[in-house]
Protein chains: 2
Amino acid sequence: MAELTLRERKRRRTRQAIVEAAVGLFEEHGYEGTTVADIAEAAEIGTRTFFSYFASKEELLFPESDSRLAAALDAIAARGPEDRPADVLLRALRDVNRDSDEMVSRMAALRMRLVRSVPAVRGRGLQLQFDAQREIARHLCAAYPDELDEVGAAALVGAFVGAVTGALDVLLETAGDDPAAVSRRLQEATAAVLRPWLRE
Amino acid sequence: MAELTLRERKRRRTRQAIVEAAVGLFEEHGYEGTTVADIAEAAEIGTRTFFSYFASKEELLFPESDSRLAAALDAIAARGPEDRPADVLLRALRDVNRDSDEMVSRMAALRMRLVRSVPAVRGRGLQLQFDAQREIARHLCAAYPDELDEVGAAALVGAFVGAVTGALDVLLETAGDDPAAVSRRLQEATAAVLRPWLRE
DNA sequence: TGCAAATCTGCACTGAGTGCGGTTATCGTC
DNA sequence: GACGATAACCGCACTCAGTGCAGATTTGCA
């Protein structure tokens, strides 16, 4: 079943070791207080080798951004015949957030903290999000060729994602760290803002 | 009237020289093909001095982001008694875009091209936009204390800015470089997406 | 004129990231 | 099990962005 060659298994183990070393060091000394050389040493690899696993120091923090995008695309693909584009999008965003109930993980919590505190990490995060948005818009446009053109789809997706991102930003600033409460208030706030679209 | 000390005049002149040198070099060799040392040499200053004018190479490209934010805040401050939050925001976004009819300038055109082609520049641009968004939301919330809480305001602003940004991204990809046409189609697309808010 | 403050700049440094080349480990095959 | 191909590892020397410092120069102001 696990048809993994030794090479691949080893590579995964090393990759995991790098991530764990990095998470530990980031928690201890902060992102900017940790050099790639530190991480490499802790993971027992050469500094040069680090860059054959991750293209940059930031990349380390965004390994599964693809899986969140995939979840959103799945939600579009699995749309029902009654669904309007806005319904599909809202479900997609919920699915993505549900997936991130793995938010309990150390990695995800750390990433969220760093996105909010380290400019370089925030820039990278926003960039990835923006790229994902574009991809989602493309698929949504393809799913509703009669109702949306490319520009309209991009605007719609941008509006939804922007609302969620903006609300989440403020929520994390004010609310405590209780993930359930944050999730609930996020649902409330976005539902309130997006209501004009959903009833009609 | 121009009560500028010699020091300040000189400093402005140098700053302008840096910008012009950089724009020329970026157009000729691309952003990543131009080093800070190249820019400094072309502007006839020491490399070290560059960093006393701009904190980083990217900063060079976003000098007046403050003025666009100010335009948006002005629009909020100048709201009429009949205006709903969404109306104010729409006008704010229009004002910001109108200001950027200085888009004819070399600098702005170059920036737009680089934002779309150079990851580091895009990251920085998105980050500045996000920060501006937060500031706008704060003011909007203060202007409508009965209707918006902080989270709701952030969600609303995020939705509007996200719609415009998403639409503009696709537009610039597909449409030609005619600024008037882009501007018109942008208005159409965002108006279509945001319609649910504006009639009610 | 003269003193204080701001500015300019070279120098030495750190840290991210790349290209190259040699070494070692793994793979598939015989 | 041996063997050639391939992939991974990793040191070295390099480029570039950015910082701290300290000395020289210029400007502001009394």
# chains A, B, ... in the order shown; residues from 1 in each chain; ligands from 1
>>> residues_around(residues="range 20-36 of chain A", least_positions_apart="2", cutoff="10 Å", atoms="only C-alpha atoms (C1' of nucleotides)", output="ChimeraX atom specification")
/A:14-18,38-44,46-48,50-51,56-58,60-61,106-107,110-111,114,117-118,120-121 /C:15-16
>>> interface_residues(of="chain A", to="chain B", cutoff="10 Å", atoms="only C-alpha atoms", output="PyMOL selection string")
chain A and resi 119-128+130+133-134+137-138+149-172+174+185-186+188-200
>>> residues_around(residues="Leu73 in chain A", least_positions_apart="5", cutoff="9 Å", atoms="only C-alpha atoms (C1' of nucleotides)", output="PyMOL selection string")
chain A and resi 68+78+92+135-136+139-140
>>> interface_residues(of="chain D", to="chain A", cutoff="9 Å", atoms="only C-alpha atoms (C1' of nucleotides)", output="JSON, numbers by chain")
{"D": [7, 8, 9, 10, 11]}
>>> write_last_selection(atoms="N, CA, C and O atoms (P, O5', C5', C4', C3', O3' and C1' of nucleotides)", output="PDB file, in the first residue's frame")
ATOM      1  P    DA D   7      17.050  11.425 -11.684  1.00  0.00           P
ATOM      2  O5'  DA D   7      16.970  11.667 -10.117  1.00  0.00           O
ATOM      3  C5'  DA D   7      16.563  10.616  -9.250  1.00  0.00           C
ATOM      4  C4'  DA D   7      17.144  10.825  -7.877  1.00  0.00           C
ATOM      5  C3'  DA D   7      17.029  12.258  -7.355  1.00  0.00           C
ATOM      6  O3'  DA D   7      16.443  12.221  -6.067  1.00  0.00           O
ATOM      7  C1'  DA D   7      19.236  11.473  -7.119  1.00  0.00           C
ATOM      8  P    DA D   8      16.003  13.551  -5.322  1.00  0.00           P
ATOM      9  O5'  DA D   8      16.994  13.562  -4.086  1.00  0.00           O
ATOM     10  C5'  DA D   8      17.152  12.385  -3.302  1.00  0.00           C
ATOM     11  C4'  DA D   8      18.369  12.548  -2.425  1.00  0.00           C
ATOM     12  C3'  DA D   8      18.421  13.894  -1.695  1.00  0.00           C
ATOM     13  O3'  DA D   8      18.563  13.629  -0.307  1.00  0.00           O
ATOM     14  C1'  DA D   8      20.465  13.449  -2.811  1.00  0.00           C
ATOM     15  P    DC D   9      18.640  14.808   0.700  1.00  0.00           P
ATOM     16  O5'  DC D   9      20.200  15.017   0.850  1.00  0.00           O
ATOM     17  C5'  DC D   9      21.003  13.908   1.241  1.00  0.00           C
ATOM     18  C4'  DC D   9      22.447  14.333   1.324  1.00  0.00           C
ATOM     19  C3'  DC D   9      22.691  15.616   2.122  1.00  0.00           C
ATOM     20  O3'  DC D   9      23.665  15.345   3.110  1.00  0.00           O
ATOM     21  C1'  DC D   9      23.788  15.705   0.038  1.00  0.00           C
ATOM     22  P    DC D  10      23.803  16.342   4.318  1.00  0.00           P
ATOM     23  O5'  DC D  10      24.948  17.321   3.799  1.00  0.00           O
ATOM     24  C5'  DC D  10      26.198  16.769   3.439  1.00  0.00           C
ATOM     25  C4'  DC D  10      27.054  17.832   2.796  1.00  0.00           C
ATOM     26  C3'  DC D  10      26.930  19.220   3.434  1.00  0.00           C
ATOM     27  O3'  DC D  10      28.222  19.720   3.607  1.00  0.00           O
ATOM     28  C1'  DC D  10      26.757  19.380   1.130  1.00  0.00           C
ATOM     29  P    DG D  11      28.548  20.539   4.933  1.00  0.00           P
ATOM     30  O5'  DG D  11      29.975  21.141   4.551  1.00  0.00           O
ATOM     31  C5'  DG D  11      30.948  20.281   3.953  1.00  0.00           C
ATOM     32  C4'  DG D  11      31.707  21.026   2.870  1.00  0.00           C
ATOM     33  C3'  DG D  11      32.093  22.460   3.241  1.00  0.00           C
ATOM     34  O3'  DG D  11      33.432  22.685   2.826  1.00  0.00           O
ATOM     35  C1'  DG D  11      30.865  22.446   1.205  1.00  0.00           C
TER      36       DG D  11
END
>>> interface_residues(of="chain C", to="chain A", cutoff="10 Å", atoms="only C-alpha atoms (C1' of nucleotides)", output="VMD selection string")
chain C and resid 15 to 18 25 to 27
>>> write_last_selection(atoms="all heavy atoms", output="compact mmCIF listing (two decimals), in the first residue's frame")
# COMPACT_ATOMS: atom_id res chain seq x y z
P DG C 15 23.31 36.09 11.26
OP1 DG C 15 23.19 35.71 12.66
OP2 DG C 15 24.09 35.25 10.31
O5' DG C 15 21.85 36.23 10.64
C5' DG C 15 21.51 37.35 9.86
C4' DG C 15 20.74 36.98 8.62
O4' DG C 15 21.46 37.54 7.49
C3' DG C 15 20.60 35.48 8.31
O3' DG C 15 19.33 35.24 7.75
C2' DG C 15 21.72 35.23 7.32
C1' DG C 15 21.70 36.54 6.54
N9 DG C 15 22.96 36.81 5.87
C8 DG C 15 24.22 36.53 6.33
N7 DG C 15 25.16 36.88 5.48
C5 DG C 15 24.47 37.44 4.42
C6 DG C 15 24.95 38.01 3.22
O6 DG C 15 26.12 38.13 2.85
N1 DG C 15 23.91 38.47 2.41
C2 DG C 15 22.57 38.38 2.73
N2 DG C 15 21.72 38.87 1.84
N3 DG C 15 22.11 37.87 3.85
C4 DG C 15 23.11 37.41 4.65
P DA C 16 18.80 33.78 7.35
OP1 DA C 16 17.56 33.52 8.11
OP2 DA C 16 19.91 32.81 7.43
O5' DA C 16 18.42 34.01 5.84
C5' DA C 16 17.47 35.01 5.51
C4' DA C 16 17.39 35.18 4.01
O4' DA C 16 18.67 35.63 3.51
C3' DA C 16 17.06 33.90 3.24
O3' DA C 16 16.14 34.23 2.22
C2' DA C 16 18.41 33.47 2.67
C1' DA C 16 19.12 34.80 2.47
N9 DA C 16 20.57 34.73 2.59
C8 DA C 16 21.29 34.28 3.66
N7 DA C 16 22.59 34.33 3.49
C5 DA C 16 22.74 34.87 2.22
C6 DA C 16 23.88 35.19 1.46
N6 DA C 16 25.13 35.00 1.88
N1 DA C 16 23.67 35.70 0.23
C2 DA C 16 22.41 35.89 -0.20
N3 DA C 16 21.27 35.63 0.44
C4 DA C 16 21.51 35.12 1.65
P DG C 17 15.30 33.10 1.47
OP1 DG C 17 14.09 33.71 0.89
OP2 DG C 17 15.21 31.93 2.37
O5' DG C 17 16.27 32.75 0.28
C5' DG C 17 16.42 33.73 -0.74
C4' DG C 17 17.57 33.33 -1.63
O4' DG C 17 18.81 33.40 -0.90
C3' DG C 17 17.51 31.90 -2.19
O3' DG C 17 17.32 32.00 -3.60
C2' DG C 17 18.86 31.30 -1.84
C1' DG C 17 19.70 32.54 -1.56
N9 DG C 17 20.86 32.31 -0.71
C8 DG C 17 20.87 31.85 0.59
N7 DG C 17 22.09 31.74 1.07
C5 DG C 17 22.92 32.12 0.04
C6 DG C 17 24.33 32.20 -0.03
O6 DG C 17 25.17 31.92 0.83
N1 DG C 17 24.77 32.65 -1.28
C2 DG C 17 23.94 32.98 -2.32
N2 DG C 17 24.53 33.39 -3.44
N3 DG C 17 22.62 32.93 -2.27
C4 DG C 17 22.18 32.49 -1.08
P DT C 18 17.33 30.68 -4.52
OP1 DT C 18 16.34 30.91 -5.57
OP2 DT C 18 17.27 29.48 -3.68
O5' DT C 18 18.78 30.76 -5.19
C5' DT C 18 19.23 31.99 -5.72
C4' DT C 18 20.49 31.75 -6.54
O4' DT C 18 21.64 31.66 -5.66
C3' DT C 18 20.49 30.47 -7.37
O3' DT C 18 21.05 30.75 -8.64
C2' DT C 18 21.36 29.52 -6.55
C1' DT C 18 22.36 30.48 -5.93
N1 DT C 18 22.95 30.05 -4.64
C2 DT C 18 24.31 30.11 -4.49
O2 DT C 18 25.07 30.48 -5.36
N3 DT C 18 24.76 29.70 -3.25
C4 DT C 18 23.99 29.27 -2.18
O4 DT C 18 24.51 28.94 -1.12
C5 DT C 18 22.58 29.25 -2.41
C7 DT C 18 21.66 28.80 -1.32
C6 DT C 18 22.13 29.64 -3.62
P DA C 25 27.25 6.92 2.23
OP1 DA C 25 27.21 7.07 3.71
OP2 DA C 25 28.11 5.89 1.61
O5' DA C 25 25.76 6.69 1.75
C5' DA C 25 24.78 7.69 2.02
C4' DA C 25 23.62 7.50 1.09
O4' DA C 25 24.05 7.76 -0.27
C3' DA C 25 23.03 6.09 1.08
O3' DA C 25 21.62 6.21 1.22
C2' DA C 25 23.41 5.52 -0.29
C1' DA C 25 23.51 6.78 -1.13
N9 DA C 25 24.41 6.70 -2.27
C8 DA C 25 25.74 6.40 -2.26
N7 DA C 25 26.31 6.41 -3.45
C5 DA C 25 25.28 6.75 -4.30
C6 DA C 25 25.22 6.94 -5.69
N6 DA C 25 26.27 6.80 -6.49
N1 DA C 25 24.02 7.28 -6.23
C2 DA C 25 22.97 7.43 -5.42
N3 DA C 25 22.90 7.29 -4.09
C4 DA C 25 24.10 6.94 -3.60
P DT C 26 20.76 4.89 1.56
OP1 DT C 26 19.81 5.28 2.62
OP2 DT C 26 21.68 3.75 1.74
O5' DT C 26 19.93 4.68 0.23
C5' DT C 26 19.15 5.77 -0.27
C4' DT C 26 18.78 5.50 -1.71
O4' DT C 26 19.98 5.49 -2.53
C3' DT C 26 18.09 4.17 -1.96
O3' DT C 26 16.82 4.46 -2.52
C2' DT C 26 19.01 3.43 -2.94
C1' DT C 26 19.75 4.60 -3.59
N1 DT C 26 21.08 4.29 -4.17
C2 DT C 26 21.27 4.48 -5.53
O2 DT C 26 20.39 4.88 -6.27
N3 DT C 26 22.53 4.19 -5.99
C4 DT C 26 23.60 3.73 -5.22
O4 DT C 26 24.69 3.50 -5.74
C5 DT C 26 23.35 3.56 -3.82
C7 DT C 26 24.44 3.08 -2.92
C6 DT C 26 22.11 3.84 -3.36
P DC C 27 15.74 3.24 -2.72
OP1 DC C 27 14.41 3.78 -2.43
OP2 DC C 27 16.22 2.03 -2.00
O5' DC C 27 15.86 2.99 -4.28
C5' DC C 27 15.84 4.11 -5.16
C4' DC C 27 15.97 3.67 -6.59
O4' DC C 27 17.37 3.52 -6.92
C3' DC C 27 15.29 2.33 -6.89
O3' DC C 27 14.38 2.50 -7.96
C2' DC C 27 16.45 1.39 -7.23
C1' DC C 27 17.58 2.33 -7.63
N1 DC C 27 18.93 1.84 -7.26
C2 DC C 27 19.96 1.80 -8.21
O2 DC C 27 19.72 2.16 -9.36
N3 DC C 27 21.19 1.35 -7.84
C4 DC C 27 21.41 0.97 -6.58
N4 DC C 27 22.64 0.55 -6.25
C5 DC C 27 20.38 1.01 -5.59
C6 DC C 27 19.15 1.44 -5.96
>>> residues_around(residues="DT25 in chain D", least_positions_apart="4", cutoff="10 Å", atoms="only C-alpha atoms (C1' of nucleotides)", output="VMD selection string")
chain C and resid 7 to 9
>>> atom_distance(atom1="CA of Ala77 in chain B", atom2="CA of Arg91 in chain B")
11.5 Å
>>> atom_distance(atom1="CA of Phe54 in chain A", atom2="CA of Val19 in chain A")
10.0 Å
>>> select_by_dssp(residues="range 4-152 of chain A", states="helix (DSSP H, G or I)", output="MDAnalysis selection string")
chainID A and resid 6:29 36:42 47:53 58:61 65:77 85:104 106:117 119:143 150:152
>>> closest_residue(among="C:DC20, C:DC30, C:DA6, C:DA12", to="Glu8 in chain B", atoms="only C-alpha atoms (C1' of nucleotides)")
C:DA6
>>> decode(residues="range 1-126 of chain B", atoms="C-alpha atoms", output="mmCIF file, in the first residue's frame")
data_model
loop_
_atom_site.group_PDB
_atom_site.id
_atom_site.type_symbol
_atom_site.label_atom_id
_atom_site.label_comp_id
_atom_site.auth_asym_id
_atom_site.auth_seq_id
_atom_site.Cartn_x
_atom_site.Cartn_y
_atom_site.Cartn_z
ATOM 1 C CA MET B 1 5.780 80.527 0.608
ATOM 2 C CA ALA B 2 7.989 77.611 -0.168
ATOM 3 C CA GLU B 3 9.505 77.899 3.273
ATOM 4 C CA LEU B 4 11.877 75.065 2.608
ATOM 5 C CA THR B 5 15.272 75.055 4.139
ATOM 6 C CA LEU B 6 18.218 74.311 1.929
ATOM 7 C CA ARG B 7 18.633 70.970 3.603
ATOM 8 C CA GLU B 8 15.112 69.943 2.744
ATOM 9 C CA ARG B 9 15.326 71.147 -0.830
ATOM 10 C CA LYS B 10 18.518 69.248 -1.310
ATOM 11 C CA ARG B 11 17.063 66.162 0.261
ATOM 12 C CA ARG B 12 14.044 66.275 -2.013
ATOM 13 C CA ARG B 13 16.180 66.718 -5.031
ATOM 14 C CA THR B 14 18.282 63.716 -4.079
ATOM 15 C CA ARG B 15 15.200 61.655 -3.385
ATOM 16 C CA GLN B 16 13.806 62.554 -6.762
ATOM 17 C CA ALA B 17 17.097 61.674 -8.397
ATOM 18 C CA ILE B 18 17.020 58.266 -6.770
ATOM 19 C CA VAL B 19 13.487 57.599 -7.953
ATOM 20 C CA GLU B 20 14.239 58.687 -11.480
ATOM 21 C CA ALA B 21 17.405 56.661 -11.636
ATOM 22 C CA ALA B 22 15.577 53.635 -10.306
ATOM 23 C CA VAL B 23 12.662 53.936 -12.704
ATOM 24 C CA GLY B 24 15.024 54.188 -15.634
ATOM 25 C CA LEU B 25 17.061 51.227 -14.546
ATOM 26 C CA PHE B 26 14.013 49.111 -13.748
ATOM 27 C CA GLU B 27 12.617 49.809 -17.202
ATOM 28 C CA GLU B 28 15.896 48.930 -18.792
ATOM 29 C CA HIS B 29 17.038 45.896 -16.809
ATOM 30 C CA GLY B 30 13.988 44.868 -14.834
ATOM 31 C CA TYR B 31 13.488 45.030 -11.099
ATOM 32 C CA GLU B 32 15.526 42.037 -10.152
ATOM 33 C CA GLY B 33 18.186 42.857 -12.694
ATOM 34 C CA THR B 34 18.844 46.154 -10.960
ATOM 35 C CA THR B 35 20.785 46.253 -7.707
ATOM 36 C CA VAL B 36 20.599 48.936 -5.101
ATOM 37 C CA ALA B 37 24.234 49.644 -5.838
ATOM 38 C CA ASP B 38 23.309 50.307 -9.479
ATOM 39 C CA ILE B 39 20.614 52.758 -8.427
ATOM 40 C CA ALA B 40 22.915 54.528 -6.004
ATOM 41 C CA GLU B 41 25.594 54.882 -8.607
ATOM 42 C CA ALA B 42 23.158 56.245 -11.182
ATOM 43 C CA ALA B 43 21.840 58.716 -8.607
ATOM 44 C CA GLU B 44 25.402 59.637 -7.647
ATOM 45 C CA ILE B 45 25.136 58.752 -4.006
ATOM 46 C CA GLY B 46 26.762 56.121 -1.857
ATOM 47 C CA THR B 47 25.041 52.783 -1.608
ATOM 48 C CA ARG B 48 24.686 53.308 2.084
ATOM 49 C CA THR B 49 22.891 56.595 1.557
ATOM 50 C CA PHE B 50 20.154 54.923 -0.441
ATOM 51 C CA PHE B 51 18.926 53.303 2.726
ATOM 52 C CA SER B 52 18.623 56.615 4.490
ATOM 53 C CA TYR B 53 16.034 57.582 1.872
ATOM 54 C CA PHE B 54 14.213 54.287 1.457
ATOM 55 C CA ALA B 55 14.057 51.490 3.957
ATOM 56 C CA SER B 56 14.198 48.891 1.216
ATOM 57 C CA LYS B 57 14.302 48.466 -2.506
ATOM 58 C CA GLU B 58 10.551 47.855 -2.627
ATOM 59 C CA GLU B 59 9.765 50.974 -0.628
ATOM 60 C CA LEU B 60 10.908 52.948 -3.621
ATOM 61 C CA LEU B 61 7.864 51.820 -5.532
ATOM 62 C CA PHE B 62 5.239 52.751 -2.954
ATOM 63 C CA PRO B 63 5.947 56.341 -1.970
ATOM 64 C CA GLU B 64 2.458 57.808 -2.046
ATOM 65 C CA SER B 65 0.426 54.957 -0.659
ATOM 66 C CA ASP B 66 -0.375 57.307 2.193
ATOM 67 C CA SER B 67 -2.097 59.766 -0.093
ATOM 68 C CA ARG B 68 -4.460 57.129 -1.431
ATOM 69 C CA LEU B 69 -5.358 56.131 2.080
ATOM 70 C CA ALA B 70 -5.945 59.777 2.939
ATOM 71 C CA ALA B 71 -8.306 60.131 -0.014
ATOM 72 C CA ALA B 72 -10.365 57.228 1.249
ATOM 73 C CA LEU B 73 -10.504 58.615 4.763
ATOM 74 C CA ASP B 74 -11.550 61.996 3.395
ATOM 75 C CA ALA B 75 -14.441 60.390 1.588
ATOM 76 C CA ILE B 76 -15.599 58.872 4.853
ATOM 77 C CA ALA B 77 -15.268 62.153 6.676
ATOM 78 C CA ALA B 78 -17.220 63.950 3.954
ATOM 79 C CA ARG B 79 -20.161 61.542 4.014
ATOM 80 C CA GLY B 80 -23.647 62.895 3.602
ATOM 81 C CA PRO B 81 -26.430 62.250 6.102
ATOM 82 C CA GLU B 82 -28.234 59.956 3.651
ATOM 83 C CA ASP B 83 -25.234 57.785 2.939
ATOM 84 C CA ARG B 84 -25.168 54.193 4.065
ATOM 85 C CA PRO B 85 -21.738 52.674 4.834
ATOM 86 C CA ALA B 86 -21.726 50.938 1.475
ATOM 87 C CA ASP B 87 -22.392 54.201 -0.349
ATOM 88 C CA VAL B 88 -19.527 55.880 1.424
ATOM 89 C CA LEU B 89 -17.181 53.054 0.630
ATOM 90 C CA LEU B 90 -18.095 53.017 -3.012
ATOM 91 C CA ARG B 91 -17.444 56.719 -3.277
ATOM 92 C CA ALA B 92 -14.181 56.313 -1.406
ATOM 93 C CA LEU B 93 -13.014 53.680 -3.844
ATOM 94 C CA ARG B 94 -14.000 55.879 -6.764
ATOM 95 C CA ASP B 95 -12.110 58.800 -5.324
ATOM 96 C CA VAL B 96 -9.040 56.697 -4.828
ATOM 97 C CA ASN B 97 -9.209 55.533 -8.404
ATOM 98 C CA ARG B 98 -9.808 59.013 -9.667
ATOM 99 C CA ASP B 99 -6.704 60.177 -7.903
ATOM 100 C CA SER B 100 -4.865 57.442 -9.668
ATOM 101 C CA ASP B 101 -5.643 59.060 -12.981
ATOM 102 C CA GLU B 102 -2.099 60.127 -12.383
ATOM 103 C CA MET B 103 -1.822 56.541 -13.542
ATOM 104 C CA VAL B 104 -0.483 58.080 -16.680
ATOM 105 C CA SER B 105 2.764 58.657 -14.861
ATOM 106 C CA ARG B 106 5.694 56.448 -15.656
ATOM 107 C CA MET B 107 6.142 55.559 -12.037
ATOM 108 C CA ALA B 108 2.593 54.348 -11.512
ATOM 109 C CA ALA B 109 2.568 52.338 -14.709
ATOM 110 C CA LEU B 110 5.873 50.756 -13.809
ATOM 111 C CA ARG B 111 4.646 49.948 -10.338
ATOM 112 C CA MET B 112 1.557 48.281 -11.679
ATOM 113 C CA ARG B 113 3.609 46.176 -14.039
ATOM 114 C CA LEU B 114 6.042 45.153 -11.311
ATOM 115 C CA VAL B 115 3.306 44.349 -8.820
ATOM 116 C CA ARG B 116 1.997 41.882 -11.320
ATOM 117 C CA SER B 117 5.305 40.353 -12.304
ATOM 118 C CA VAL B 118 7.654 40.424 -9.320
ATOM 119 C CA PRO B 119 6.592 38.349 -6.299
ATOM 120 C CA ALA B 120 8.432 40.464 -3.770
ATOM 121 C CA VAL B 121 6.759 43.612 -5.052
ATOM 122 C CA ARG B 122 3.342 42.006 -5.125
ATOM 123 C CA GLY B 123 3.770 40.843 -1.562
ATOM 124 C CA ARG B 124 4.680 44.311 -0.431
ATOM 125 C CA GLY B 125 1.819 45.874 -2.338
ATOM 126 C CA LEU B 126 -0.750 43.504 -0.902
#
